[in-house]
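*Asks:* One structure follows; several queries about it will come next.
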Amino acid sequence: MWAIRGPLSPRAYWVLAVLGLLVPLGLWWLAASGEGVNKVFMPSPLDVFNRLVTWYSEDDLLDDVWVSVWRVTAGFVLSAVIALPLGLLVGTFRPVQAFLEPLTDFIRYMPAVAFIPLVMLWVGIEESSKIAIIWIGTFFQMMLMMAEDVRRVPMAQIEAAQTMGATRSETLRLVIFQSAKPALMDTLRVTMGWAWTYLVVAELVAANSGLGYSILKAQRFLQTDKIFVGIILIGLIGLVMDQLFRLAHRKAFPWLYLRS
Amino acid sequence: MADKISIRQVGKTFGYGAHQVEALKGVDLAIADNEFVTFVGASGCGKSTLLRIIGGLEWHSAGTLEVDGRPVDGPGADRAMVFQHYSLYPWLNVLENIKFSRQLRHGREDLTSADVEAAAGRADALLRLVGLSAAAAAWPNQLSGGMQQRVAIARALMGRPQVLLMDEPFGALDAQTREVMHDLILHVHKLEKPTIAFVTHDVEEAIYLADRVVLMAPRPGRIDSIYPVPLPAERDQDMKHSPEFLRLKKEILARIKDTSGMQTDQDMLDRLNLGGVPT
Ligand SMILES: Nc1ncnc2c1ncn2[C@@H]1O[C@H](COP(=O)(O)OP(=O)(O)OP(=O)(O)O)[C@@H](O)[C@H]1O
Ligand SMILES: [Mg+2]
């Protein structure tokens with residue numbers, strides 16, 4: 001059972017995965033039900049569930065979820081659409097790499113929060129400003145990771161195409177992109193998670209709806225249970241998206257899953 | 001016969017300044033049309049580099065190189081290459097891999113339906129030639145190493161290359177599979193009449209396949225000597241035991257050892273044994 005990288009039956013896997021979720025839940029319950037624990041510091045799972053229900057029935061939970069999903073998706077898609085071609089070029093052509101990579105490396109260390117004043121100044125306080133923050137948080141990382149994915153395409157695959165008479169653009173389209181596709185999709189999956197972590201930051205900017213905004217507002221009114229709901233919901237949505245990406249990966253690249 | 005490939009005073013240095021490596025120096029060689037030439041020599045003597053220069057994947061830093069009387073500038077479909085390490089496309093099945101060059105503009109200059117049909121027929125014929133008809137729809141990573149290499153050869157042949165460049169294509173295969181591959185490649189050579197340049201570490205393989213064996217030596221990489229193979233054009237496995245074959249093999253092996261700059265140090269071996277089993 002403890003063999004290094006040893007096999008594990010699907011049953012055992014699921015049992016352990018469910019346990020991994022239930023144990024912290026149980027600990028949480030225990031911690032919250034102790035004598036003299038202030039609900040403001042530690043609401044119980046039941047409080048949190050009740051808050052979820054009232055949020056749904058009395059407030060606009062679905063609206064908040066929807067607007068946040070939309071913002072994250074828009075910022076993420078905008079990043080991906082620009083990062084993909086640039087990543088392909090940076091990973092393929094050394095001059096483009098020399099021109100763009102150090103700059104990107106430099107920018108990606110800048111905290112996205114610090115851009116809020118600038119974004120408000122340049123983009124305004126409309127919907128686009130929230131998308132811009134998420135874009136700033138994901139784009140630079142995404143491009144660097146995609147460039148790395150592209151650089152990992154084996155040279156022999158590229159050279160084989162060249163000796164079959166492939167032009168530069170054919171090699172890029174039919175070999176490099178195709179070969180890097182599974183890795184690129186994994187990068188999308190990982191950066192999608194990061195896009196969600198910038199949601200709260202993005203909704204600092206003059207928002208009046210959204211999960212991140214609700215968390216911030218709940219903080220002001222000391223509604224700790226609502227903060228819990230917001231955080232857990234973001235986690236759940238992220239988990240679902242991650243699983244969808246994994247499923248799509250299996251469907252799109254069946255040859256990678258022949259043995260397992 | 002006209003020279004298919006003519007290499008004159010070709011040199012190649014890698015790197016700059018203190019890190020400069022002279023991989024090739026003053027290489028002269030003419031390879032005739034439809035000739036089968038194999039390259040042997042100690043590791044690092046520039047065999048792969050020379051092959052890659054002919055393939056246009058590497059640029060020579062001195063001398064001239066012509067294929068069909070035209071200077072080589074970059075890779076092209078007339079010079080297909082088969083690599084030692086599997087270079088198949090894992091996202092395409094076996095048949096799609098073989099037909100890869102049909103996706104290229106270059107491979108689609110013939111656009112009549114008869115040509116398209118001929119190409120499909122050729123892919124099937126190649127698949128049969130390499131004995132993989134049953135695996136046409138398999139993914140490359142479902143195949144053994146030997147099968148993958150056969151697909152790579154079929155893929156290289158698909159575009160009817162005039163020159164076939166092979167860099168230790170059978171290096172990772174077991175002895176039995178190798179023998180099958182040898183007869184396959186000789187068959188292709190007879191049938192399609194490509195000019196073949198073939199790099200190997202296996203002297204027996206080099207002699208069995210070639211019209212001429214070129215022996216290279218390191219530091220700097222150069223051609224040391226060339227051995228015409230005194231065997232009939234039509235080869236069969238029994239010839240490997242003929243006296244001419246064995247004599248040539250011995251001669252080439254001895255020469256590789258002399259030029260490699262390494263020798264077995266008997267003192268050193270004795271010292272290694274000191275703490276071990278008493279003799
Ligand atoms: N891209 C490169 N950059 C720097 N040096 C290189 C490069 N490719 C080859 N060399 C050097 O050139 C010399 C010849 O290398 P090459 O790979 O052609 O040898 P080889 O005869 O094919 O060796 P082997 O039998 O081990 O495959 C070696 O010293 C090697 O280190
Ligand atoms: Mg080599």
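In the structure tokens, each chain is lettered A, B, ... as it comes, each chain's residues begin at 1, and ligands are numbered from 1 in order of appearance.
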How would you write, as a PyMOL selection string, the set of residues no farther than 8 Å from ligand 1 when counting only C-alpha atoms and all ligand atoms?
*Replies:* chain B and resi 13-15+20-24+40-50+168+199-201+216+218-219+221
*Asks:* Report as an mmCIF file with all heavy atoms, in the first residue's frame the set of chain A residues whose atoms approach chain B to within 12 Å, with distances computed over only C-alpha atoms.
*Replies:*
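Output file result15.cif is given in full below:
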```cif
data_model
loop_
_atom_site.group_PDB
_atom_site.id
_atom_site.type_symbol
_atom_site.label_atom_id
_atom_site.label_comp_id
_atom_site.auth_asym_id
_atom_site.auth_seq_id
_atom_site.Cartn_x
_atom_site.Cartn_y
_atom_site.Cartn_z
ATOM 1 N N VAL A 153 8.411 21.041 -26.564
ATOM 2 C CA VAL A 153 8.136 20.172 -27.709
ATOM 3 C C VAL A 153 9.471 19.599 -28.191
ATOM 4 O O VAL A 153 10.415 20.349 -28.426
ATOM 5 C CB VAL A 153 7.462 20.969 -28.846
ATOM 6 C CG1 VAL A 153 7.374 20.136 -30.109
ATOM 7 C CG2 VAL A 153 6.082 21.429 -28.411
ATOM 8 N N PRO A 154 9.586 18.255 -28.305
ATOM 9 C CA PRO A 154 10.867 17.654 -28.666
ATOM 10 C C PRO A 154 11.378 18.164 -30.014
ATOM 11 O O PRO A 154 10.629 18.237 -30.984
ATOM 12 C CB PRO A 154 10.552 16.157 -28.754
ATOM 13 C CG PRO A 154 9.310 15.970 -27.971
ATOM 14 C CD PRO A 154 8.542 17.245 -28.074
ATOM 15 N N MET A 155 12.662 18.498 -30.040
ATOM 16 C CA MET A 155 13.267 19.007 -31.270
ATOM 17 C C MET A 155 13.143 17.995 -32.400
ATOM 18 O O MET A 155 12.980 18.376 -33.566
ATOM 19 C CB MET A 155 14.745 19.331 -30.992
ATOM 20 C CG MET A 155 15.370 20.284 -31.977
ATOM 21 S SD MET A 155 14.477 21.859 -32.042
ATOM 22 C CE MET A 155 14.998 22.464 -33.641
ATOM 23 N N ALA A 156 13.210 16.697 -32.079
ATOM 24 C CA ALA A 156 13.141 15.683 -33.136
ATOM 25 C C ALA A 156 11.806 15.757 -33.880
ATOM 26 O O ALA A 156 11.763 15.538 -35.088
ATOM 27 C CB ALA A 156 13.347 14.287 -32.546
ATOM 28 N N GLN A 157 10.723 16.078 -33.172
ATOM 29 C CA GLN A 157 9.423 16.201 -33.847
ATOM 30 C C GLN A 157 9.446 17.358 -34.842
ATOM 31 O O GLN A 157 8.917 17.265 -35.949
ATOM 32 C CB GLN A 157 8.312 16.439 -32.816
ATOM 33 C CG GLN A 157 8.022 15.217 -31.955
ATOM 34 C CD GLN A 157 6.867 15.461 -30.986
ATOM 35 O OE1 GLN A 157 6.276 16.536 -30.956
ATOM 36 N NE2 GLN A 157 6.546 14.457 -30.194
ATOM 37 N N ILE A 158 10.083 18.449 -34.430
ATOM 38 C CA ILE A 158 10.157 19.628 -35.295
ATOM 39 C C ILE A 158 11.048 19.346 -36.502
ATOM 40 O O ILE A 158 10.688 19.619 -37.647
ATOM 41 C CB ILE A 158 10.710 20.822 -34.490
ATOM 42 C CG1 ILE A 158 9.720 21.181 -33.367
ATOM 43 C CG2 ILE A 158 10.981 22.008 -35.387
ATOM 44 C CD1 ILE A 158 10.262 22.192 -32.379
ATOM 45 N N GLU A 159 12.205 18.728 -36.224
ATOM 46 C CA GLU A 159 13.148 18.488 -37.318
ATOM 47 C C GLU A 159 12.610 17.462 -38.306
ATOM 48 O O GLU A 159 12.852 17.555 -39.509
ATOM 49 C CB GLU A 159 14.503 18.055 -36.745
ATOM 50 C CG GLU A 159 15.187 19.207 -36.020
ATOM 51 C CD GLU A 159 16.551 18.848 -35.470
ATOM 52 O OE1 GLU A 159 16.802 17.641 -35.251
ATOM 53 O OE2 GLU A 159 17.351 19.763 -35.252
ATOM 54 N N ALA A 160 11.863 16.487 -37.802
ATOM 55 C CA ALA A 160 11.272 15.507 -38.715
ATOM 56 C C ALA A 160 10.355 16.216 -39.706
ATOM 57 O O ALA A 160 10.382 15.938 -40.907
ATOM 58 C CB ALA A 160 10.502 14.446 -37.928
ATOM 59 N N ALA A 161 9.563 17.158 -39.218
ATOM 60 C CA ALA A 161 8.654 17.893 -40.109
ATOM 61 C C ALA A 161 9.452 18.708 -41.122
ATOM 62 O O ALA A 161 9.121 18.753 -42.305
ATOM 63 C CB ALA A 161 7.745 18.807 -39.293
ATOM 64 N N GLN A 162 10.528 19.332 -40.652
ATOM 65 C CA GLN A 162 11.327 20.154 -41.565
ATOM 66 C C GLN A 162 11.935 19.314 -42.682
ATOM 67 O O GLN A 162 11.972 19.735 -43.828
ATOM 68 C CB GLN A 162 12.429 20.878 -40.786
ATOM 69 C CG GLN A 162 11.867 21.971 -39.887
ATOM 70 C CD GLN A 162 12.927 22.593 -39.010
ATOM 71 O OE1 GLN A 162 13.913 21.953 -38.656
ATOM 72 N NE2 GLN A 162 12.715 23.838 -38.647
ATOM 73 N N THR A 163 12.383 18.093 -42.336
ATOM 74 C CA THR A 163 12.973 17.267 -43.386
ATOM 75 C C THR A 163 11.891 16.603 -44.244
ATOM 76 O O THR A 163 12.209 15.909 -45.190
ATOM 77 C CB THR A 163 13.912 16.179 -42.829
ATOM 78 O OG1 THR A 163 13.158 15.328 -41.978
ATOM 79 C CG2 THR A 163 15.059 16.773 -42.058
ATOM 80 N N MET A 164 10.625 16.806 -43.885
ATOM 81 C CA MET A 164 9.570 16.375 -44.803
ATOM 82 C C MET A 164 9.079 17.547 -45.637
ATOM 83 O O MET A 164 8.094 17.430 -46.359
ATOM 84 C CB MET A 164 8.405 15.753 -44.014
ATOM 85 C CG MET A 164 8.713 14.343 -43.542
ATOM 86 S SD MET A 164 7.307 13.546 -42.765
ATOM 87 C CE MET A 164 7.414 14.149 -41.102
ATOM 88 N N GLY A 165 9.748 18.676 -45.514
ATOM 89 C CA GLY A 165 9.424 19.814 -46.366
ATOM 90 C C GLY A 165 8.454 20.804 -45.762
ATOM 91 O O GLY A 165 7.896 21.631 -46.484
ATOM 92 N N ALA A 166 8.238 20.750 -44.443
ATOM 93 C CA ALA A 166 7.308 21.685 -43.816
ATOM 94 C C ALA A 166 7.897 23.089 -43.794
ATOM 95 O O ALA A 166 9.071 23.265 -43.505
ATOM 96 C CB ALA A 166 6.976 21.245 -42.394
ATOM 97 N N THR A 167 7.083 24.085 -44.099
ATOM 98 C CA THR A 167 7.531 25.470 -43.983
ATOM 99 C C THR A 167 7.474 25.869 -42.518
ATOM 100 O O THR A 167 6.997 25.121 -41.675
ATOM 101 C CB THR A 167 6.602 26.413 -44.771
ATOM 102 O OG1 THR A 167 5.303 26.332 -44.193
ATOM 103 C CG2 THR A 167 6.524 26.016 -46.224
ATOM 104 N N ARG A 168 7.956 27.096 -42.257
ATOM 105 C CA ARG A 168 7.970 27.568 -40.889
ATOM 106 C C ARG A 168 6.559 27.594 -40.297
ATOM 107 O O ARG A 168 6.325 27.137 -39.193
ATOM 108 C CB ARG A 168 8.569 28.972 -40.848
ATOM 109 C CG ARG A 168 9.438 29.184 -39.633
ATOM 110 C CD ARG A 168 9.768 30.650 -39.484
ATOM 111 N NE ARG A 168 10.130 31.249 -40.767
ATOM 112 C CZ ARG A 168 11.313 31.764 -41.032
ATOM 113 N NH1 ARG A 168 12.258 31.727 -40.145
ATOM 114 N NH2 ARG A 168 11.558 32.312 -42.195
ATOM 115 N N SER A 169 5.617 28.131 -41.055
ATOM 116 C CA SER A 169 4.267 28.253 -40.484
ATOM 117 C C SER A 169 3.608 26.879 -40.368
ATOM 118 O O SER A 169 2.846 26.621 -39.432
ATOM 119 C CB SER A 169 3.413 29.211 -41.313
ATOM 120 O OG SER A 169 2.817 28.542 -42.386
ATOM 121 N N GLU A 170 3.899 25.987 -41.308
ATOM 122 C CA GLU A 170 3.354 24.624 -41.194
ATOM 123 C C GLU A 170 3.916 23.919 -39.965
ATOM 124 O O GLU A 170 3.186 23.230 -39.247
ATOM 125 C CB GLU A 170 3.668 23.821 -42.456
ATOM 126 C CG GLU A 170 2.765 24.178 -43.621
ATOM 127 C CD GLU A 170 3.232 23.554 -44.935
ATOM 128 O OE1 GLU A 170 4.434 23.258 -45.088
ATOM 129 O OE2 GLU A 170 2.385 23.361 -45.814
ATOM 130 N N THR A 171 5.207 24.091 -39.720
ATOM 131 C CA THR A 171 5.810 23.468 -38.548
ATOM 132 C C THR A 171 5.162 24.000 -37.277
ATOM 133 O O THR A 171 4.845 23.242 -36.353
ATOM 134 C CB THR A 171 7.323 23.749 -38.520
ATOM 135 O OG1 THR A 171 7.877 23.378 -39.773
ATOM 136 C CG2 THR A 171 8.000 22.964 -37.420
ATOM 137 N N LEU A 172 4.933 25.294 -37.243
ATOM 138 C CA LEU A 172 4.325 25.912 -36.069
ATOM 139 C C LEU A 172 2.906 25.384 -35.850
ATOM 140 O O LEU A 172 2.514 25.007 -34.750
ATOM 141 C CB LEU A 172 4.307 27.434 -36.274
ATOM 142 C CG LEU A 172 4.169 28.310 -35.037
ATOM 143 C CD1 LEU A 172 5.308 28.046 -34.078
ATOM 144 C CD2 LEU A 172 4.154 29.776 -35.438
ATOM 145 N N ARG A 173 2.139 25.341 -36.941
ATOM 146 C CA ARG A 173 0.725 24.976 -36.854
ATOM 147 C C ARG A 173 0.527 23.479 -36.646
ATOM 148 O O ARG A 173 -0.253 23.041 -35.806
ATOM 149 C CB ARG A 173 0.026 25.375 -38.154
ATOM 150 C CG ARG A 173 -1.009 26.459 -38.007
ATOM 151 C CD ARG A 173 -1.638 26.843 -39.344
ATOM 152 N NE ARG A 173 -0.836 26.695 -40.522
ATOM 153 C CZ ARG A 173 -1.083 25.798 -41.481
ATOM 154 N NH1 ARG A 173 -2.093 24.988 -41.382
ATOM 155 N NH2 ARG A 173 -0.291 25.717 -42.538
ATOM 156 N N LEU A 174 1.238 22.685 -37.464
ATOM 157 C CA LEU A 174 0.938 21.255 -37.517
ATOM 158 C C LEU A 174 1.761 20.423 -36.547
ATOM 159 O O LEU A 174 1.409 19.285 -36.260
ATOM 160 C CB LEU A 174 1.161 20.730 -38.948
ATOM 161 C CG LEU A 174 0.295 21.391 -40.014
ATOM 162 C CD1 LEU A 174 0.728 20.939 -41.397
ATOM 163 C CD2 LEU A 174 -1.170 21.069 -39.789
ATOM 164 N N VAL A 175 2.874 20.977 -36.064
ATOM 165 C CA VAL A 175 3.694 20.202 -35.136
ATOM 166 C C VAL A 175 3.784 20.869 -33.763
ATOM 167 O O VAL A 175 3.334 20.290 -32.769
ATOM 168 C CB VAL A 175 5.115 19.965 -35.703
ATOM 169 C CG1 VAL A 175 5.957 19.189 -34.712
ATOM 170 C CG2 VAL A 175 5.022 19.226 -37.023
ATOM 171 N N ILE A 176 4.317 22.061 -33.710
ATOM 172 C CA ILE A 176 4.577 22.667 -32.403
ATOM 173 C C ILE A 176 3.281 22.861 -31.625
ATOM 174 O O ILE A 176 3.160 22.444 -30.475
ATOM 175 C CB ILE A 176 5.329 24.000 -32.577
ATOM 176 C CG1 ILE A 176 6.692 23.729 -33.222
ATOM 177 C CG2 ILE A 176 5.500 24.703 -31.244
ATOM 178 C CD1 ILE A 176 7.510 24.951 -33.502
ATOM 179 N N PHE A 177 2.295 23.458 -32.273
ATOM 180 C CA PHE A 177 1.026 23.704 -31.571
ATOM 181 C C PHE A 177 0.349 22.388 -31.191
ATOM 182 O O PHE A 177 -0.072 22.195 -30.045
ATOM 183 C CB PHE A 177 0.107 24.569 -32.441
ATOM 184 C CG PHE A 177 -1.222 24.847 -31.804
ATOM 185 C CD1 PHE A 177 -1.294 25.389 -30.532
ATOM 186 C CD2 PHE A 177 -2.400 24.567 -32.473
ATOM 187 C CE1 PHE A 177 -2.522 25.649 -29.942
ATOM 188 C CE2 PHE A 177 -3.635 24.824 -31.887
ATOM 189 C CZ PHE A 177 -3.695 25.357 -30.616
ATOM 190 N N GLN A 178 0.290 21.459 -32.138
ATOM 191 C CA GLN A 178 -0.369 20.172 -31.863
ATOM 192 C C GLN A 178 0.325 19.441 -30.729
ATOM 193 O O GLN A 178 -0.319 18.847 -29.866
ATOM 194 C CB GLN A 178 -0.363 19.285 -33.116
ATOM 195 C CG GLN A 178 -1.093 19.855 -34.310
ATOM 196 C CD GLN A 178 -2.553 20.107 -34.034
ATOM 197 O OE1 GLN A 178 -3.176 19.412 -33.238
ATOM 198 N NE2 GLN A 178 -3.098 21.140 -34.656
ATOM 199 N N SER A 179 1.659 19.469 -30.769
ATOM 200 C CA SER A 179 2.422 18.722 -29.782
ATOM 201 C C SER A 179 2.273 19.351 -28.393
ATOM 202 O O SER A 179 2.247 18.640 -27.384
ATOM 203 C CB SER A 179 3.890 18.681 -30.207
ATOM 204 O OG SER A 179 4.635 17.888 -29.328
ATOM 205 N N ALA A 180 2.164 20.669 -28.350
ATOM 206 C CA ALA A 180 2.101 21.352 -27.053
ATOM 207 C C ALA A 180 0.682 21.407 -26.498
ATOM 208 O O ALA A 180 0.492 21.754 -25.331
ATOM 209 C CB ALA A 180 2.668 22.768 -27.189
ATOM 210 N N LYS A 181 -0.310 21.073 -27.322
ATOM 211 C CA LYS A 181 -1.710 21.266 -26.915
ATOM 212 C C LYS A 181 -2.068 20.676 -25.548
ATOM 213 O O LYS A 181 -2.664 21.378 -24.723
ATOM 214 C CB LYS A 181 -2.649 20.701 -27.988
ATOM 215 C CG LYS A 181 -3.375 21.819 -28.738
ATOM 216 C CD LYS A 181 -4.644 21.425 -29.440
ATOM 217 C CE LYS A 181 -4.567 20.581 -30.597
ATOM 218 N NZ LYS A 181 -5.689 20.377 -31.447
ATOM 219 N N PRO A 182 -1.708 19.418 -25.269
ATOM 220 C CA PRO A 182 -2.083 18.894 -23.949
ATOM 221 C C PRO A 182 -1.490 19.710 -22.805
ATOM 222 O O PRO A 182 -2.182 20.005 -21.822
ATOM 223 C CB PRO A 182 -1.511 17.473 -23.965
ATOM 224 C CG PRO A 182 -1.390 17.125 -25.408
ATOM 225 C CD PRO A 182 -1.078 18.406 -26.116
ATOM 226 N N ALA A 252 -10.093 15.034 -25.159
ATOM 227 C CA ALA A 252 -9.396 15.630 -26.294
ATOM 228 C C ALA A 252 -8.082 14.903 -26.617
ATOM 229 O O ALA A 252 -7.653 14.886 -27.766
ATOM 230 C CB ALA A 252 -9.121 17.109 -26.017
ATOM 231 N N PHE A 253 -7.455 14.315 -25.616
ATOM 232 C CA PHE A 253 -6.135 13.715 -25.838
ATOM 233 C C PHE A 253 -6.116 12.266 -25.382
ATOM 234 O O PHE A 253 -5.368 11.902 -24.467
ATOM 235 C CB PHE A 253 -5.056 14.517 -25.106
ATOM 236 C CG PHE A 253 -5.177 16.002 -25.323
ATOM 237 C CD1 PHE A 253 -5.459 16.865 -24.275
ATOM 238 C CD2 PHE A 253 -5.026 16.538 -26.597
ATOM 239 C CE1 PHE A 253 -5.582 18.229 -24.482
ATOM 240 C CE2 PHE A 253 -5.151 17.902 -26.813
ATOM 241 C CZ PHE A 253 -5.434 18.750 -25.762
ATOM 242 N N PRO A 254 -6.919 11.424 -26.027
ATOM 243 C CA PRO A 254 -7.078 10.049 -25.529
ATOM 244 C C PRO A 254 -5.763 9.260 -25.502
ATOM 245 O O PRO A 254 -5.596 8.394 -24.656
ATOM 246 C CB PRO A 254 -8.075 9.429 -26.521
ATOM 247 C CG PRO A 254 -8.029 10.301 -27.728
ATOM 248 C CD PRO A 254 -7.715 11.678 -27.233
ATOM 249 N N TRP A 255 -4.838 9.603 -26.398
ATOM 250 C CA TRP A 255 -3.612 8.794 -26.446
ATOM 251 C C TRP A 255 -2.748 8.948 -25.187
ATOM 252 O O TRP A 255 -1.862 8.147 -24.943
ATOM 253 C CB TRP A 255 -2.786 9.148 -27.690
ATOM 254 C CG TRP A 255 -2.280 10.543 -27.670
ATOM 255 C CD1 TRP A 255 -1.105 10.985 -27.166
ATOM 256 C CD2 TRP A 255 -2.958 11.697 -28.185
ATOM 257 N NE1 TRP A 255 -1.002 12.340 -27.302
ATOM 258 C CE2 TRP A 255 -2.118 12.796 -27.936
ATOM 259 C CE3 TRP A 255 -4.170 11.906 -28.822
ATOM 260 C CZ2 TRP A 255 -2.479 14.084 -28.298
ATOM 261 C CZ3 TRP A 255 -4.513 13.184 -29.189
ATOM 262 C CH2 TRP A 255 -3.672 14.254 -28.925
ATOM 263 N N LEU A 256 -3.013 9.982 -24.399
ATOM 264 C CA LEU A 256 -2.238 10.165 -23.175
ATOM 265 C C LEU A 256 -2.758 9.294 -22.037
ATOM 266 O O LEU A 256 -2.136 9.194 -20.990
ATOM 267 C CB LEU A 256 -2.291 11.629 -22.731
ATOM 268 C CG LEU A 256 -1.600 12.612 -23.657
ATOM 269 C CD1 LEU A 256 -1.838 14.031 -23.190
ATOM 270 C CD2 LEU A 256 -0.108 12.328 -23.703
ATOM 271 N N TYR A 257 -3.933 8.693 -22.246
ATOM 272 C CA TYR A 257 -4.553 7.968 -21.145
ATOM 273 C C TYR A 257 -4.716 6.492 -21.465
ATOM 274 O O TYR A 257 -5.621 5.851 -20.970
ATOM 275 C CB TYR A 257 -5.917 8.586 -20.819
ATOM 276 C CG TYR A 257 -5.805 10.008 -20.348
ATOM 277 C CD1 TYR A 257 -5.925 11.061 -21.233
ATOM 278 C CD2 TYR A 257 -5.546 10.284 -19.015
ATOM 279 C CE1 TYR A 257 -5.801 12.376 -20.792
ATOM 280 C CE2 TYR A 257 -5.429 11.590 -18.564
ATOM 281 C CZ TYR A 257 -5.556 12.626 -19.461
ATOM 282 O OH TYR A 257 -5.434 13.922 -19.025
ATOM 283 N N LEU A 258 -3.835 5.964 -22.321
ATOM 284 C CA LEU A 258 -3.991 4.562 -22.715
ATOM 285 C C LEU A 258 -3.641 3.634 -21.569
ATOM 286 O O LEU A 258 -4.257 2.621 -21.361
ATOM 287 C CB LEU A 258 -3.117 4.263 -23.929
ATOM 288 C CG LEU A 258 -3.530 5.032 -25.177
ATOM 289 C CD1 LEU A 258 -2.529 4.822 -26.288
ATOM 290 C CD2 LEU A 258 -4.910 4.604 -25.630
ATOM 291 N N ARG A 259 -2.571 3.995 -20.852
ATOM 292 C CA ARG A 259 -2.182 3.157 -19.713
ATOM 293 C C ARG A 259 -2.319 3.996 -18.460
ATOM 294 O O ARG A 259 -1.922 5.149 -18.429
ATOM 295 C CB ARG A 259 -0.720 2.717 -19.828
ATOM 296 C CG ARG A 259 -0.421 2.101 -21.182
ATOM 297 C CD ARG A 259 1.007 1.598 -21.234
ATOM 298 N NE ARG A 259 1.306 1.134 -22.585
ATOM 299 C CZ ARG A 259 2.240 1.671 -23.346
ATOM 300 N NH1 ARG A 259 2.965 2.660 -22.896
ATOM 301 N NH2 ARG A 259 2.469 1.204 -24.557
#
```
*Asks:* Which residues are near range 229-232 of chain A? Cut-off 9 Å, only C-alpha atoms, ignore same chain within fewer than 5 positions. Put them as a PyMOL selection string.
*Replies:* chain A and resi 48-49+51-52+211-212+214-215+224+237
*Asks:* Using the selection just defined, write its residues with N, CA, C and O atoms as a PDB file, in the first residue's frame.
*Replies:*
```pdb
ATOM      1  N   VAL A  48     -23.281  28.230   8.887  1.00  0.00           N
ATOM      2  CA  VAL A  48     -22.848  28.556   7.528  1.00  0.00           C
ATOM      3  C   VAL A  48     -23.887  28.074   6.528  1.00  0.00           C
ATOM      4  O   VAL A  48     -24.248  28.781   5.582  1.00  0.00           O
ATOM      5  N   PHE A  49     -24.419  26.874   6.781  1.00  0.00           N
ATOM      6  CA  PHE A  49     -25.430  26.345   5.869  1.00  0.00           C
ATOM      7  C   PHE A  49     -26.684  27.218   5.899  1.00  0.00           C
ATOM      8  O   PHE A  49     -27.250  27.553   4.850  1.00  0.00           O
ATOM      9  N   ARG A  51     -26.873  30.332   6.596  1.00  0.00           N
ATOM     10  CA  ARG A  51     -26.570  31.583   5.911  1.00  0.00           C
ATOM     11  C   ARG A  51     -26.658  31.399   4.389  1.00  0.00           C
ATOM     12  O   ARG A  51     -27.150  32.263   3.672  1.00  0.00           O
ATOM     13  N   LEU A  52     -26.186  30.222   3.955  1.00  0.00           N
ATOM     14  CA  LEU A  52     -26.264  29.924   2.523  1.00  0.00           C
ATOM     15  C   LEU A  52     -27.719  29.975   2.071  1.00  0.00           C
ATOM     16  O   LEU A  52     -28.054  30.567   1.042  1.00  0.00           O
ATOM     17  N   LEU A 211     -19.312  37.439  -5.575  1.00  0.00           N
ATOM     18  CA  LEU A 211     -18.934  36.682  -4.387  1.00  0.00           C
ATOM     19  C   LEU A 211     -17.846  37.398  -3.604  1.00  0.00           C
ATOM     20  O   LEU A 211     -17.893  37.488  -2.379  1.00  0.00           O
ATOM     21  N   GLY A 212     -16.859  37.918  -4.328  1.00  0.00           N
ATOM     22  CA  GLY A 212     -15.762  38.615  -3.668  1.00  0.00           C
ATOM     23  C   GLY A 212     -16.276  39.844  -2.943  1.00  0.00           C
ATOM     24  O   GLY A 212     -15.925  40.111  -1.787  1.00  0.00           O
ATOM     25  N   SER A 214     -19.282  40.314  -1.846  1.00  0.00           N
ATOM     26  CA  SER A 214     -20.085  39.892  -0.699  1.00  0.00           C
ATOM     27  C   SER A 214     -19.208  39.542   0.481  1.00  0.00           C
ATOM     28  O   SER A 214     -19.541  39.840   1.636  1.00  0.00           O
ATOM     29  N   ILE A 215     -18.094  38.913   0.212  1.00  0.00           N
ATOM     30  CA  ILE A 215     -17.169  38.563   1.292  1.00  0.00           C
ATOM     31  C   ILE A 215     -16.663  39.842   1.956  1.00  0.00           C
ATOM     32  O   ILE A 215     -16.631  39.967   3.185  1.00  0.00           O
ATOM     33  N   THR A 224     -19.401  36.641   9.862  1.00  0.00           N
ATOM     34  CA  THR A 224     -18.354  35.660   9.586  1.00  0.00           C
ATOM     35  C   THR A 224     -18.905  34.454   8.820  1.00  0.00           C
ATOM     36  O   THR A 224     -18.247  33.908   7.948  1.00  0.00           O
ATOM     37  N   ILE A 237     -16.747  26.124  -6.847  1.00  0.00           N
ATOM     38  CA  ILE A 237     -16.791  26.453  -8.282  1.00  0.00           C
ATOM     39  C   ILE A 237     -15.445  26.110  -8.921  1.00  0.00           C
ATOM     40  O   ILE A 237     -15.377  25.525 -10.001  1.00  0.00           O
TER      41      ILE A 237
END
```
*Asks:* Could you give me, as an NGL selection string, the residues within 7 Å of Val205 in chain A, counting only C-alpha atoms and dropping anything in the same chain fewer than 3 positions from it?
*Replies:* :A and (125 or 130 or 202)
*Asks:* Identify, with DSSP run on backbone atoms, the residues in range 32-239 of chain B assigned to strand (DSSP E), and express the list as a VMD selection string.
*Replies:* chain B and resid 32 36 to 41 62 to 67 70 to 71 79 to 82 163 to 167 195 to 199 212 to 217 222 to 228
*Asks:* Identify, with DSSP run on backbone atoms, the residues in range 62-219 of chain A assigned to helix (DSSP H, G or I), and express the list as an MDAnalysis selection string.
*Replies:* chainID A and resid 62:92 94:108 112:122 127:151 155:162 168:197 199:202 211:219
*Asks:* One decimal, Å: what's the distance from CA of Leu127 in chain B over to CA of Asp33 in chain B, could you say?
*Replies:*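 Taking CA of Leu127 in chain B as the start and CA of Asp33 in chain B as the end point, the length is 25.9 Å.
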